[in-house]
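Visitor: This is the structure I have questions about; it appears just below.
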Amino acid sequence: MTKRLLAPLAIAAGVTLAITGCSAGTGANTSGSQAPVVDGTFAWSLNADPGSLNPLMTAGSPTHQLAMLSYDFLVNVDDKTSEIGPWLAESWEETTTSASFTIRDGVTCSDGSALTAQTVADNISFVTDEANGSALRGVYVPVDAAAAVDGATVTVSTPAASPFLLLNLARLPILCDAALADPKSIDASSAGSGMFAVTEAVANDHYTFERRDGYSWGPDDTTSETPGVPATVVVSIVTNESTAANQLLSGELNAALVTGADQDRLDAAGLNAAERGAIAGQMFFNHNEANPTSDPAVRAALVQGLNLDDLTSVITGGRGHRSTSLVSTNPRACVDDTVTGNLPSFDADAAGAALDAAGWKLGADGTRAKNGTPLALNFFYDSMGDTYDAAADLTQQAWTALGIDVTLTSGDSNKTVEVLLSGTDNTGWDVAWEPVYVNLPSMVVPFFSGPVPADGLNFSGIENAEYDAAVATASGLVGAEACSAWADAEKALFAETSVVPFADTVKKTYLQNAELAFGSQIVGSALRLLK
């Protein structure tokens, strides 16, 4: 088997939280008449420092973006053509309860060791072993998955049907034996079979990667000798999007993700871009009984007091649209509109009345209180540019007008992990904005059910029996029936106003004197420098 289209379920859509990134979208840079550069340096910027570089131990998006340089994947899911092609696996098979991969011969790691089917199986076992604390347990790898090796073939199976098993496993970075034996050893380095290896890591400044000689197993037969593949990749941490745009225009950068108003001048300058759809605005509420947002009436009133159309326009810089699902990243496995008609409609007066009915009465000072306790909310958001700050300010103003004391706190992805996923203080926030980037509805389940941090990913502390039941039903189905059940699961969350996806956008990775040979994300094997 060399290449095939995604299953019809995925084709129908026409994918590691800013906390997990997945590939998506359409569009690519085209080289025109530019010629490939030999042994050049590819300069790329990220808007946040990754912290640890071990992609199995964090759900942070920057780590997973960098992992695409140093680590390979079992198969290549082309987000433009919806085709699955070989990568580490030269062939594969799938059923409703298993996915088998025959690992090609001759794949080596950055330390010179061989990457084998047993290495892949050990990756699966590492992630599923709860004692290891992998952030990808239940996200890319089902918690009950088991891996068995027969020669060059590894088969991952689950006790019950897992209709998205192949697509989930396709997003798992495969670490080499040394990293599995000592996960901390790659906090500031790499141990993978990817095109590039980390040679320098300066936190909050830059990360340097050098091309590996003899790499010959990339998608589309990419090797280390393919024309245009850079010799060096330098990733700078540039937190200001306008600065990154300036560096693109000046030629200091070859690639940068730009989501806000700076897109206009980059488009006007004629820069090509790889595009991918993504959720931009997603609102979570803390369900811990110590927090006022544990009351579904309060959650509904908070949403009712917001004009989500205005918020969408602000947070996307006028370039987005209202969300229709928890899953916004292409290629999507299910395309049902689960949001429209299932969230409270904007009505500030009705929101105030609902808070009154819930016992939160306006005082003489204009602040609401219940049994002598003021209605005070700690609102944390992942700040990814000026538009996010502006949207958060607009939300604070709307809730303040309802008589709520709102404290705003923002941070980058590392701060987000600390606040939401570390488990150090699960009551320290009431409302959080944190987009979860996925293209499969099954991938969000750990965020909406199961244990809370530090034992799990359910940072809101959601307990929703209808959601759990719908997930159980959906997990045993395939095709259109599965998508219908997953839609029921999402609607169960919206019925309790547990999570509110409100804004989608198109993210653009702009390219200067460069192109991506496949896909829309910066993958080591896809990088090409041009002159």
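Residue names in the structure tokens use chain letters A, B, ... in the order shown, residue numbers from 1 in each chain, and ligand numbers from 1 in the order shown.
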Would you pick out the contacts of Gly40 (chain A) at 8 Å or less, using only C-alpha atoms, so that residues sharing its chain but fewer than 2 positions from it are not included, and give the list as a list in words?

Guide: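 The neighbour list is Val37, Val38, Phe42, Gly228, Val229, Pro230, Ala231, Thr232 and Leu529 of chain A.
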
Visitor: Hey, which of A:Gly320, A:Gly218, A:Gly51, A:Gly277 ends up closest to Gln521 (chain A)? Count only C-alpha atoms.

Guide: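 Checking each candidate against Gln521 (chain A), we get A:Gly277 as the closest.
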
Visitor: Select from region 162-296 of chain A everything DSSP, run on the backbone, classes as alpha helix (DSSP H), then give the selection as a PyMOL selection string.

Guide: chain A and resi 165-169+177-181+241-250+262-268+296

Visitor: Take the residues from that selection and put them in a file with C-alpha atoms, as a JSON list (two decimals), in the first residue's frame.

Guide:
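As written to disk, out_34.json reads:
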```json
[["chain", "number", "residue", "atom", "x", "y", "z"],
["A", 165, "LEU", "CA", -7.84, 5.14, 15.72],
["A", 166, "LEU", "CA", -5.67, 5.47, 12.61],
["A", 167, "LEU", "CA", -6.11, 9.24, 12.39],
["A", 168, "ASN", "CA", -5.34, 9.60, 16.10],
["A", 169, "LEU", "CA", -2.18, 7.54, 15.91],
["A", 177, "ASP", "CA", 14.41, 4.46, 22.61],
["A", 178, "ALA", "CA", 16.73, 6.81, 24.50],
["A", 179, "ALA", "CA", 13.95, 9.38, 25.03],
["A", 180, "LEU", "CA", 11.51, 6.73, 26.25],
["A", 181, "ALA", "CA", 14.09, 5.43, 28.71],
["A", 241, "GLU", "CA", 2.96, 39.52, 15.87],
["A", 242, "SER", "CA", 3.71, 42.90, 14.26],
["A", 243, "THR", "CA", 7.41, 42.36, 14.92],
["A", 244, "ALA", "CA", 7.22, 38.96, 13.25],
["A", 245, "ALA", "CA", 5.45, 40.52, 10.26],
["A", 246, "ASN", "CA", 8.16, 43.18, 9.99],
["A", 247, "GLN", "CA", 10.85, 40.51, 10.04],
["A", 248, "LEU", "CA", 9.06, 38.59, 7.31],
["A", 249, "LEU", "CA", 8.92, 41.67, 5.10],
["A", 250, "SER", "CA", 12.59, 42.47, 5.73],
["A", 262, "ASP", "CA", -0.84, 42.36, 10.03],
["A", 263, "GLN", "CA", -2.21, 39.85, 7.53],
["A", 264, "ASP", "CA", -3.38, 42.82, 5.43],
["A", 265, "ARG", "CA", 0.08, 44.22, 4.80],
["A", 266, "LEU", "CA", 1.61, 40.78, 4.26],
["A", 267, "ASP", "CA", -1.09, 39.98, 1.71],
["A", 268, "ALA", "CA", -0.53, 43.37, 0.06],
["A", 296, "PRO", "CA", -25.23, 26.23, 35.44]]
```

Visitor: For Phe101 (chain A), please output as an NGL selection string all residues within 9 Å (counting only C-alpha atoms; exclusion window: fewer than 5 positions along the same chain).

Guide: :A and (74-75 or 88-94 or 117 or 152-156)

Visitor: Name all residues at most 10 Å from Asp122 (chain A) (count only C-alpha atoms; drop same-chain ones fewer than 5 positions away) and give them as JSON, numbers by chain.

Guide: {"A": [116, 117, 127, 128, 146, 147, 148, 149, 174, 175, 176, 177, 180, 181]}

Visitor: One decimal, in Å: what's the spacing between CA of Thr97 (chain A) and CA of Leu440 (chain A)?

Guide: 16.5 Å

Visitor: Go ahead and compute the interatomic distance for CA of Arg212 (chain A) and CA of Glu225 (chain A), in Å to one decimal.

Guide: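 We find that CA of Arg212 (chain A) and CA of Glu225 (chain A) lie 10.1 Å from each other.
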
Visitor: I need the residue nearest Tyr467 (chain A) from this list: A:Ser449, A:Asn286, A:Thr427, A:Ser313. Use only C-alpha atoms for the distance.

Guide: A:Ser449

Visitor: Residues near Leu69 (chain A), anyone? I mean within 12 Å using only C-alpha atoms, not counting same-chain ones fewer than 3 positions away, as a ChimeraX atom specification.

Guide: /A:42,44,53,55,62-66,72-73,173-174,189-198,207-212,218,229-230,232-235,521-527
